[in-house]
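Here is target.txt, consisting of compact mmCIF, N, CA and C atoms:
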```txt
# COMPACT_ATOMS: atom_id res chain seq x y z
N MET A 180 -64.19 43.62 -27.16
CA MET A 180 -62.77 43.84 -26.91
C MET A 180 -62.61 45.00 -25.94
N THR A 181 -61.60 44.94 -25.15
CA THR A 181 -61.29 46.00 -24.19
C THR A 181 -60.79 47.24 -24.93
N ASP A 182 -61.03 48.41 -24.36
CA ASP A 182 -60.51 49.65 -24.91
C ASP A 182 -58.99 49.51 -25.08
N PRO A 183 -58.44 49.84 -26.24
CA PRO A 183 -57.00 49.67 -26.47
C PRO A 183 -56.13 50.40 -25.45
N MET A 184 -56.54 51.57 -25.00
CA MET A 184 -55.72 52.31 -24.05
C MET A 184 -55.71 51.62 -22.68
N SER A 185 -56.86 51.12 -22.26
CA SER A 185 -56.93 50.39 -20.99
C SER A 185 -56.11 49.11 -21.06
N ALA A 186 -56.24 48.43 -22.20
CA ALA A 186 -55.47 47.20 -22.38
C ALA A 186 -53.98 47.51 -22.39
N PHE A 187 -53.61 48.63 -23.01
CA PHE A 187 -52.20 49.00 -23.05
C PHE A 187 -51.69 49.29 -21.64
N ASP A 188 -52.48 49.99 -20.84
CA ASP A 188 -52.10 50.27 -19.45
C ASP A 188 -51.91 48.97 -18.68
N ALA A 189 -52.82 48.02 -18.89
CA ALA A 189 -52.71 46.72 -18.22
C ALA A 189 -51.45 46.00 -18.67
N LEU A 190 -51.14 46.07 -19.97
CA LEU A 190 -49.94 45.44 -20.50
C LEU A 190 -48.69 46.10 -19.92
N ALA A 191 -48.69 47.42 -19.82
CA ALA A 191 -47.55 48.12 -19.23
C ALA A 191 -47.34 47.69 -17.78
N GLY A 192 -48.43 47.48 -17.05
CA GLY A 192 -48.33 46.98 -15.68
C GLY A 192 -47.75 45.58 -15.63
N ARG A 193 -48.17 44.75 -16.57
CA ARG A 193 -47.61 43.39 -16.63
C ARG A 193 -46.12 43.44 -16.93
N ILE A 194 -45.73 44.32 -17.84
CA ILE A 194 -44.31 44.44 -18.18
C ILE A 194 -43.52 44.90 -16.96
N ALA A 195 -44.06 45.83 -16.18
CA ALA A 195 -43.38 46.28 -14.96
C ALA A 195 -43.22 45.12 -13.99
N ASP A 196 -44.24 44.27 -13.87
CA ASP A 196 -44.15 43.10 -13.00
C ASP A 196 -43.06 42.15 -13.50
N ILE A 197 -43.02 41.95 -14.81
CA ILE A 197 -42.01 41.07 -15.39
C ILE A 197 -40.62 41.63 -15.15
N GLU A 198 -40.46 42.95 -15.30
CA GLU A 198 -39.16 43.58 -15.04
C GLU A 198 -38.70 43.30 -13.61
N ARG A 199 -39.63 43.38 -12.66
CA ARG A 199 -39.28 43.11 -11.26
C ARG A 199 -38.84 41.66 -11.09
N ARG A 200 -39.57 40.75 -11.76
CA ARG A 200 -39.20 39.33 -11.65
C ARG A 200 -37.86 39.04 -12.31
N PHE A 201 -37.52 39.80 -13.35
CA PHE A 201 -36.26 39.61 -14.05
C PHE A 201 -35.07 40.23 -13.32
N ALA A 202 -35.34 41.06 -12.30
CA ALA A 202 -34.29 41.82 -11.64
C ALA A 202 -33.06 40.98 -11.31
N GLY A 203 -33.22 39.86 -10.68
CA GLY A 203 -32.07 39.03 -10.33
C GLY A 203 -31.95 37.78 -11.17
N LEU A 204 -32.86 37.61 -12.12
CA LEU A 204 -32.89 36.37 -12.89
C LEU A 204 -31.64 36.19 -13.75
N ARG A 205 -31.15 37.25 -14.38
CA ARG A 205 -29.98 37.11 -15.25
C ARG A 205 -28.78 36.59 -14.46
N ASP A 206 -28.54 37.18 -13.28
CA ASP A 206 -27.42 36.72 -12.46
C ASP A 206 -27.65 35.28 -12.00
N ASP A 207 -28.88 34.99 -11.62
CA ASP A 207 -29.21 33.64 -11.17
C ASP A 207 -28.94 32.62 -12.27
N LEU A 208 -29.34 32.94 -13.50
CA LEU A 208 -29.13 32.01 -14.61
C LEU A 208 -27.66 31.93 -15.00
N THR A 209 -26.92 33.03 -14.84
CA THR A 209 -25.50 33.00 -15.14
C THR A 209 -24.77 32.04 -14.21
N GLU A 210 -25.23 31.99 -12.97
CA GLU A 210 -24.59 31.12 -11.97
C GLU A 210 -25.13 29.70 -11.99
N LEU A 211 -26.23 29.45 -12.69
CA LEU A 211 -26.85 28.14 -12.70
C LEU A 211 -25.96 27.12 -13.38
N SER A 212 -25.84 25.95 -12.77
CA SER A 212 -25.18 24.82 -13.41
C SER A 212 -25.86 23.56 -12.91
N ALA A 213 -25.72 22.51 -13.66
CA ALA A 213 -26.29 21.22 -13.29
C ALA A 213 -25.26 20.14 -13.58
N THR A 214 -25.14 19.21 -12.66
CA THR A 214 -24.22 18.10 -12.83
C THR A 214 -25.02 16.81 -12.70
N ALA A 215 -24.73 15.86 -13.57
CA ALA A 215 -25.40 14.56 -13.52
C ALA A 215 -24.41 13.49 -13.97
N SER A 216 -24.69 12.29 -13.54
CA SER A 216 -23.84 11.15 -13.89
C SER A 216 -24.62 10.19 -14.78
N ASP A 217 -23.86 9.33 -15.47
CA ASP A 217 -24.51 8.27 -16.22
C ASP A 217 -25.05 7.26 -15.21
N GLU A 218 -25.79 6.27 -15.68
CA GLU A 218 -26.42 5.30 -14.79
C GLU A 218 -25.41 4.56 -13.92
N SER A 219 -24.23 4.28 -14.47
CA SER A 219 -23.22 3.53 -13.71
C SER A 219 -22.46 4.41 -12.72
N GLY A 220 -22.54 5.73 -12.90
CA GLY A 220 -21.81 6.64 -12.02
C GLY A 220 -20.35 6.80 -12.38
N LEU A 221 -19.94 6.28 -13.52
CA LEU A 221 -18.54 6.36 -13.93
C LEU A 221 -18.18 7.71 -14.55
N VAL A 222 -19.16 8.39 -15.12
CA VAL A 222 -18.91 9.68 -15.79
C VAL A 222 -19.90 10.71 -15.26
N SER A 223 -19.41 11.90 -14.96
CA SER A 223 -20.26 13.02 -14.56
C SER A 223 -20.03 14.16 -15.53
N ALA A 224 -21.10 14.85 -15.87
CA ALA A 224 -21.02 16.01 -16.76
C ALA A 224 -21.67 17.20 -16.08
N THR A 225 -21.11 18.38 -16.32
CA THR A 225 -21.67 19.62 -15.79
C THR A 225 -21.95 20.55 -16.96
N VAL A 226 -23.13 21.19 -16.92
CA VAL A 226 -23.53 22.14 -17.95
C VAL A 226 -23.97 23.44 -17.31
N ASP A 227 -23.98 24.52 -18.12
CA ASP A 227 -24.49 25.80 -17.63
C ASP A 227 -25.96 25.93 -18.00
N ALA A 228 -26.54 27.10 -17.77
CA ALA A 228 -27.97 27.31 -18.01
C ALA A 228 -28.36 27.14 -19.47
N THR A 229 -27.42 27.33 -20.39
CA THR A 229 -27.73 27.17 -21.81
C THR A 229 -27.56 25.73 -22.27
N GLY A 230 -27.06 24.87 -21.38
CA GLY A 230 -26.82 23.48 -21.74
C GLY A 230 -25.42 23.24 -22.28
N ALA A 231 -24.58 24.28 -22.28
CA ALA A 231 -23.21 24.11 -22.76
C ALA A 231 -22.41 23.30 -21.74
N LEU A 232 -21.66 22.36 -22.23
CA LEU A 232 -20.83 21.51 -21.38
C LEU A 232 -19.72 22.33 -20.76
N THR A 233 -19.61 22.30 -19.43
CA THR A 233 -18.56 23.07 -18.74
C THR A 233 -17.59 22.18 -17.99
N GLY A 234 -17.90 20.89 -17.89
CA GLY A 234 -16.98 19.99 -17.20
C GLY A 234 -17.38 18.54 -17.36
N VAL A 235 -16.37 17.66 -17.34
CA VAL A 235 -16.59 16.21 -17.39
C VAL A 235 -15.59 15.58 -16.44
N THR A 236 -16.04 14.65 -15.64
CA THR A 236 -15.14 13.89 -14.76
C THR A 236 -15.36 12.41 -15.00
N PHE A 237 -14.27 11.66 -14.86
CA PHE A 237 -14.29 10.22 -15.09
C PHE A 237 -13.79 9.50 -13.85
N ALA A 238 -14.49 8.45 -13.46
CA ALA A 238 -13.96 7.54 -12.43
C ALA A 238 -12.87 6.72 -13.11
N PRO A 239 -11.85 6.30 -12.39
CA PRO A 239 -10.77 5.53 -13.03
C PRO A 239 -11.28 4.32 -13.82
N ALA A 240 -12.32 3.66 -13.34
CA ALA A 240 -12.85 2.49 -14.05
C ALA A 240 -13.46 2.87 -15.41
N ALA A 241 -13.89 4.10 -15.58
CA ALA A 241 -14.49 4.53 -16.85
C ALA A 241 -13.49 4.44 -17.98
N LEU A 242 -12.22 4.67 -17.68
CA LEU A 242 -11.19 4.66 -18.72
C LEU A 242 -10.93 3.25 -19.26
N ARG A 243 -11.36 2.23 -18.54
CA ARG A 243 -11.19 0.84 -18.99
C ARG A 243 -12.38 0.38 -19.83
N ALA A 244 -13.38 1.22 -20.01
CA ALA A 244 -14.60 0.83 -20.72
C ALA A 244 -14.42 0.77 -22.23
N GLY A 245 -13.38 1.34 -22.76
CA GLY A 245 -13.21 1.39 -24.21
C GLY A 245 -13.78 2.70 -24.75
N THR A 246 -13.31 3.11 -25.89
CA THR A 246 -13.68 4.43 -26.41
C THR A 246 -15.16 4.55 -26.75
N GLU A 247 -15.74 3.53 -27.38
CA GLU A 247 -17.16 3.62 -27.74
C GLU A 247 -18.04 3.64 -26.50
N ALA A 248 -17.76 2.78 -25.55
CA ALA A 248 -18.56 2.74 -24.32
C ALA A 248 -18.37 4.03 -23.53
N LEU A 249 -17.15 4.55 -23.51
CA LEU A 249 -16.89 5.80 -22.79
C LEU A 249 -17.66 6.95 -23.44
N ALA A 250 -17.68 6.98 -24.76
CA ALA A 250 -18.44 8.02 -25.46
C ALA A 250 -19.93 7.94 -25.10
N GLU A 251 -20.47 6.74 -25.02
CA GLU A 251 -21.89 6.57 -24.65
C GLU A 251 -22.14 7.04 -23.22
N LEU A 252 -21.20 6.75 -22.30
CA LEU A 252 -21.35 7.19 -20.91
C LEU A 252 -21.33 8.72 -20.83
N VAL A 253 -20.44 9.34 -21.60
CA VAL A 253 -20.36 10.80 -21.61
C VAL A 253 -21.66 11.40 -22.14
N LEU A 254 -22.16 10.86 -23.24
CA LEU A 254 -23.41 11.37 -23.81
C LEU A 254 -24.58 11.19 -22.86
N GLU A 255 -24.62 10.07 -22.15
CA GLU A 255 -25.70 9.85 -21.19
C GLU A 255 -25.63 10.86 -20.04
N ALA A 256 -24.43 11.04 -19.49
CA ALA A 256 -24.27 11.99 -18.38
C ALA A 256 -24.59 13.41 -18.86
N TYR A 257 -24.13 13.75 -20.05
CA TYR A 257 -24.39 15.08 -20.61
C TYR A 257 -25.89 15.31 -20.81
N GLY A 258 -26.60 14.32 -21.35
CA GLY A 258 -28.04 14.43 -21.57
C GLY A 258 -28.79 14.62 -20.25
N ARG A 259 -28.38 13.89 -19.23
CA ARG A 259 -29.02 14.03 -17.92
C ARG A 259 -28.75 15.41 -17.32
N ALA A 260 -27.54 15.89 -17.46
CA ALA A 260 -27.20 17.21 -16.93
C ALA A 260 -27.99 18.30 -17.65
N ARG A 261 -28.11 18.19 -18.97
CA ARG A 261 -28.90 19.16 -19.74
C ARG A 261 -30.36 19.15 -19.31
N ALA A 262 -30.91 17.97 -19.09
CA ALA A 262 -32.30 17.87 -18.68
C ALA A 262 -32.50 18.53 -17.30
N THR A 263 -31.55 18.31 -16.41
CA THR A 263 -31.63 18.93 -15.08
C THR A 263 -31.54 20.44 -15.19
N ALA A 264 -30.61 20.95 -16.01
CA ALA A 264 -30.46 22.40 -16.19
C ALA A 264 -31.73 22.99 -16.80
N THR A 265 -32.31 22.31 -17.77
CA THR A 265 -33.55 22.79 -18.40
C THR A 265 -34.67 22.89 -17.37
N GLU A 266 -34.79 21.89 -16.51
CA GLU A 266 -35.81 21.93 -15.45
C GLU A 266 -35.59 23.12 -14.53
N GLN A 267 -34.32 23.36 -14.16
CA GLN A 267 -34.02 24.48 -13.27
C GLN A 267 -34.35 25.82 -13.92
N VAL A 268 -34.03 25.97 -15.19
CA VAL A 268 -34.34 27.21 -15.91
C VAL A 268 -35.86 27.39 -15.98
N GLU A 269 -36.57 26.33 -16.31
CA GLU A 269 -38.04 26.41 -16.40
C GLU A 269 -38.66 26.79 -15.07
N GLU A 270 -38.13 26.25 -13.96
CA GLU A 270 -38.64 26.60 -12.63
C GLU A 270 -38.44 28.09 -12.35
N ARG A 271 -37.30 28.62 -12.74
CA ARG A 271 -36.98 30.01 -12.44
C ARG A 271 -37.73 31.00 -13.33
N THR A 272 -38.13 30.54 -14.53
CA THR A 272 -38.79 31.43 -15.49
C THR A 272 -40.27 31.11 -15.66
N GLU A 273 -40.80 30.24 -14.85
CA GLU A 273 -42.19 29.80 -14.97
C GLU A 273 -43.16 30.99 -14.98
N GLY A 274 -44.01 31.02 -15.99
CA GLY A 274 -45.07 32.02 -16.07
C GLY A 274 -44.67 33.34 -16.70
N LEU A 275 -43.40 33.57 -16.97
CA LEU A 275 -43.01 34.87 -17.52
C LEU A 275 -43.57 35.09 -18.92
N ASP A 276 -43.54 34.08 -19.78
CA ASP A 276 -44.07 34.25 -21.13
C ASP A 276 -45.58 34.38 -21.12
N ALA A 277 -46.26 33.63 -20.27
CA ALA A 277 -47.72 33.70 -20.20
C ALA A 277 -48.19 35.04 -19.67
N THR A 278 -47.45 35.60 -18.73
CA THR A 278 -47.82 36.89 -18.15
C THR A 278 -47.84 37.97 -19.21
N LEU A 279 -46.84 38.03 -20.05
CA LEU A 279 -46.79 39.03 -21.11
C LEU A 279 -47.79 38.71 -22.21
N GLY A 280 -47.84 37.45 -22.63
CA GLY A 280 -48.70 37.06 -23.74
C GLY A 280 -50.17 37.31 -23.50
N ALA A 281 -50.61 37.20 -22.25
CA ALA A 281 -52.02 37.41 -21.94
C ALA A 281 -52.47 38.82 -22.28
N GLY A 282 -51.60 39.79 -22.15
CA GLY A 282 -51.98 41.17 -22.42
C GLY A 282 -52.00 41.52 -23.89
N LEU A 283 -51.34 40.75 -24.72
CA LEU A 283 -51.28 41.09 -26.14
C LEU A 283 -52.63 40.93 -26.82
N GLY A 284 -53.37 39.87 -26.47
CA GLY A 284 -54.69 39.68 -27.06
C GLY A 284 -55.63 40.80 -26.68
N GLU A 285 -55.52 41.27 -25.43
CA GLU A 285 -56.37 42.37 -25.00
C GLU A 285 -56.05 43.65 -25.76
N LEU A 286 -54.78 43.86 -26.05
CA LEU A 286 -54.36 45.09 -26.71
C LEU A 286 -54.71 45.08 -28.20
N PHE A 287 -54.43 43.97 -28.87
CA PHE A 287 -54.56 43.93 -30.32
C PHE A 287 -55.81 43.20 -30.81
N GLY A 288 -56.53 42.54 -29.92
CA GLY A 288 -57.73 41.83 -30.31
C GLY A 288 -57.39 40.50 -30.96
N LYS A 289 -58.43 39.81 -31.36
CA LYS A 289 -58.26 38.52 -32.00
C LYS A 289 -58.08 38.74 -33.49
N PRO A 290 -57.49 37.76 -34.18
CA PRO A 290 -57.34 37.89 -35.63
C PRO A 290 -58.69 38.19 -36.29
N GLY A 291 -58.70 39.17 -37.14
CA GLY A 291 -59.92 39.57 -37.84
C GLY A 291 -60.73 40.63 -37.13
N ASP A 292 -60.34 41.00 -35.91
CA ASP A 292 -61.04 42.03 -35.14
C ASP A 292 -60.33 43.36 -35.39
N PHE A 293 -60.94 44.23 -36.17
CA PHE A 293 -60.30 45.49 -36.55
C PHE A 293 -60.90 46.68 -35.82
N SER A 294 -61.59 46.45 -34.72
CA SER A 294 -62.27 47.54 -34.03
C SER A 294 -61.30 48.54 -33.41
N ALA A 295 -60.04 48.15 -33.18
CA ALA A 295 -59.07 49.05 -32.55
C ALA A 295 -58.30 49.90 -33.56
N LEU A 296 -58.52 49.71 -34.84
CA LEU A 296 -57.73 50.43 -35.83
C LEU A 296 -57.90 51.94 -35.74
N GLY A 297 -59.05 52.42 -35.32
CA GLY A 297 -59.27 53.86 -35.22
C GLY A 297 -58.33 54.52 -34.21
N ARG A 298 -57.84 53.78 -33.25
CA ARG A 298 -56.95 54.35 -32.23
C ARG A 298 -55.54 53.81 -32.37
N LEU A 299 -55.22 53.27 -33.52
CA LEU A 299 -53.92 52.65 -33.73
C LEU A 299 -52.77 53.63 -33.53
N GLU A 300 -52.88 54.86 -34.07
CA GLU A 300 -51.78 55.83 -33.92
C GLU A 300 -51.52 56.14 -32.46
N GLU A 301 -52.56 56.32 -31.69
CA GLU A 301 -52.41 56.60 -30.26
C GLU A 301 -51.72 55.43 -29.55
N THR A 302 -52.12 54.22 -29.90
CA THR A 302 -51.52 53.04 -29.29
C THR A 302 -50.05 52.92 -29.67
N ILE A 303 -49.73 53.17 -30.93
CA ILE A 303 -48.34 53.11 -31.39
C ILE A 303 -47.50 54.15 -30.66
N GLY A 304 -48.02 55.33 -30.45
CA GLY A 304 -47.31 56.35 -29.69
C GLY A 304 -47.00 55.90 -28.27
N ARG A 305 -47.97 55.25 -27.64
CA ARG A 305 -47.76 54.75 -26.28
C ARG A 305 -46.74 53.62 -26.27
N LEU A 306 -46.76 52.79 -27.30
CA LEU A 306 -45.75 51.74 -27.39
C LEU A 306 -44.35 52.34 -27.51
N GLY A 307 -44.24 53.42 -28.28
CA GLY A 307 -42.94 54.09 -28.41
C GLY A 307 -42.45 54.63 -27.08
N ARG A 308 -43.35 55.19 -26.29
CA ARG A 308 -42.95 55.69 -24.97
C ARG A 308 -42.58 54.53 -24.05
N LEU A 309 -43.26 53.41 -24.18
CA LEU A 309 -42.95 52.25 -23.37
C LEU A 309 -41.57 51.69 -23.72
N ASP A 310 -41.21 51.78 -24.98
CA ASP A 310 -39.92 51.26 -25.43
C ASP A 310 -38.77 51.85 -24.62
N GLY A 311 -38.88 53.12 -24.26
CA GLY A 311 -37.84 53.77 -23.47
C GLY A 311 -37.78 53.26 -22.05
N ARG A 312 -38.84 52.62 -21.56
CA ARG A 312 -38.88 52.08 -20.20
C ARG A 312 -38.40 50.64 -20.12
N LEU A 313 -38.30 49.97 -21.26
CA LEU A 313 -37.90 48.55 -21.24
C LEU A 313 -36.40 48.43 -21.02
N PRO A 314 -35.96 47.34 -20.39
CA PRO A 314 -34.52 47.15 -20.17
C PRO A 314 -33.83 46.93 -21.51
N GLY A 315 -32.53 47.23 -21.55
CA GLY A 315 -31.77 47.04 -22.78
C GLY A 315 -31.62 45.56 -23.10
N SER A 316 -31.15 45.27 -24.30
CA SER A 316 -30.98 43.89 -24.69
C SER A 316 -29.83 43.27 -23.91
N PRO A 317 -29.87 41.93 -23.67
CA PRO A 317 -28.81 41.28 -22.90
C PRO A 317 -27.47 41.44 -23.59
N ALA A 318 -26.43 41.51 -22.77
CA ALA A 318 -25.07 41.67 -23.31
C ALA A 318 -24.57 40.36 -23.85
```
Same coordinates, now as structure tokens:
Amino acid sequence: MTDPMSAFDALAGRIADIERRFAGLRDDLTELSATASDESGLVSATVDATGALTGVTFAPAALRAGTEALAELVLEAYGRARATATEQVEERTEGLDATLGAGLGELFGKPGDFSALGRLEETIGRLGRLDGRLPGSPA
């Protein structure tokens, strides 16, 4: 296993890289939306980055489809819009979780590896100092 202090320094560097990548990500995701139509093109749905429905439009012919058919068209358009939004979010956040996760094994070792326990207090102190450098929680 790597020295806990060296691993911690490497993890802190990874966190700094992630912070840089996150710099404009929140605004980008706030502005993200996806619009998709059902297969017939009679209904379009728009969602935000979380998949919340923000708009629905109907072609005049959609209103003649009947309530059950119209509901199916809305659900199909909504599902397609959510899938598109999910793809866009994944593209923008690709690799962020893996970048951070890779450093955790180096810092804490594998399950059952207790070789770092002797320096645990020092590592915890460094984690506390790092906490002050991390961005605040999202609003």
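The shortest atom-to-atom distance to A:Ala241, with only N, CA and C atoms taken into account, belongs to A:Leu221 out of A:Glu255, A:Asp227, A:Leu221, A:Glu266.
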To one decimal in Å, tell me the separation between atom CA of A:Ser223 and atom CA of A:Ala256.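 Atom-to-atom, atom CA of A:Ser223 to atom CA of A:Ala256, that is 5.6 Å.
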Kindly indicate which residue among A:Gln267, A:Arg261, A:Gly245, A:Thr272 lies nearest to A:Ala215, using all atoms listed in the file for the distances.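 Residue with the minimum atom-to-atom distance to A:Ala215: A:Arg261.
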Atom pair atom C of A:Ala238 + atom CA of A:Ala224, distance 12.9 Å
Which distance in Å separates atom CA of A:Glu270 and atom CA of A:Tyr257, to one decimal? 20.0 Å
Nearby residues (only C-alpha atoms) at most 12 Å from A:Leu208, same-chain spacing under 5 positions excluded, as a list in words: Phe201, Ala202, Gly203, Ala213, Val226, Asp227, Ala228, Thr229, Gly230, Ala264, Thr265, Gln267, Val268, Glu269, Glu270, Arg271 and Thr272 of chain A
For the selection you just gave me, I'd like the residues written to a file as a tab-separated table (two decimals), in the frame of the given file, keeping N, CA and C atoms.
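Once written, out-v2.tsv looks like this:
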```tsv
chain	number	residue	atom	x	y	z
A	201	PHE	N	-37.52	39.80	-13.35
A	201	PHE	CA	-36.26	39.61	-14.05
A	201	PHE	C	-35.07	40.23	-13.32
A	202	ALA	N	-35.34	41.06	-12.30
A	202	ALA	CA	-34.29	41.82	-11.64
A	202	ALA	C	-33.06	40.98	-11.31
A	203	GLY	N	-33.22	39.86	-10.68
A	203	GLY	CA	-32.07	39.03	-10.33
A	203	GLY	C	-31.95	37.78	-11.17
A	213	ALA	N	-25.72	22.51	-13.66
A	213	ALA	CA	-26.29	21.22	-13.29
A	213	ALA	C	-25.26	20.14	-13.58
A	226	VAL	N	-23.13	21.19	-16.92
A	226	VAL	CA	-23.53	22.14	-17.95
A	226	VAL	C	-23.97	23.44	-17.31
A	227	ASP	N	-23.98	24.52	-18.12
A	227	ASP	CA	-24.49	25.80	-17.63
A	227	ASP	C	-25.96	25.93	-18.00
A	228	ALA	N	-26.54	27.10	-17.77
A	228	ALA	CA	-27.97	27.31	-18.01
A	228	ALA	C	-28.36	27.14	-19.47
A	229	THR	N	-27.42	27.33	-20.39
A	229	THR	CA	-27.73	27.17	-21.81
A	229	THR	C	-27.56	25.73	-22.27
A	230	GLY	N	-27.06	24.87	-21.38
A	230	GLY	CA	-26.82	23.48	-21.74
A	230	GLY	C	-25.42	23.24	-22.28
A	264	ALA	N	-30.61	20.95	-16.01
A	264	ALA	CA	-30.46	22.40	-16.19
A	264	ALA	C	-31.73	22.99	-16.80
A	265	THR	N	-32.31	22.31	-17.77
A	265	THR	CA	-33.55	22.79	-18.40
A	265	THR	C	-34.67	22.89	-17.37
A	267	GLN	N	-34.32	23.36	-14.16
A	267	GLN	CA	-34.02	24.48	-13.27
A	267	GLN	C	-34.35	25.82	-13.92
A	268	VAL	N	-34.03	25.97	-15.19
A	268	VAL	CA	-34.34	27.21	-15.91
A	268	VAL	C	-35.86	27.39	-15.98
A	269	GLU	N	-36.57	26.33	-16.31
A	269	GLU	CA	-38.04	26.41	-16.40
A	269	GLU	C	-38.66	26.79	-15.07
A	270	GLU	N	-38.13	26.25	-13.96
A	270	GLU	CA	-38.64	26.60	-12.63
A	270	GLU	C	-38.44	28.09	-12.35
A	271	ARG	N	-37.30	28.62	-12.74
A	271	ARG	CA	-36.98	30.01	-12.44
A	271	ARG	C	-37.73	31.00	-13.33
A	272	THR	N	-38.13	30.54	-14.53
A	272	THR	CA	-38.79	31.43	-15.49
A	272	THR	C	-40.27	31.11	-15.66
```
Hey, which of A:Gly192, A:Pro239, A:Gly258, A:Leu252 ends up closest to A:Glu218? Count only C-alpha atoms.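 Closest candidate: A:Leu252.
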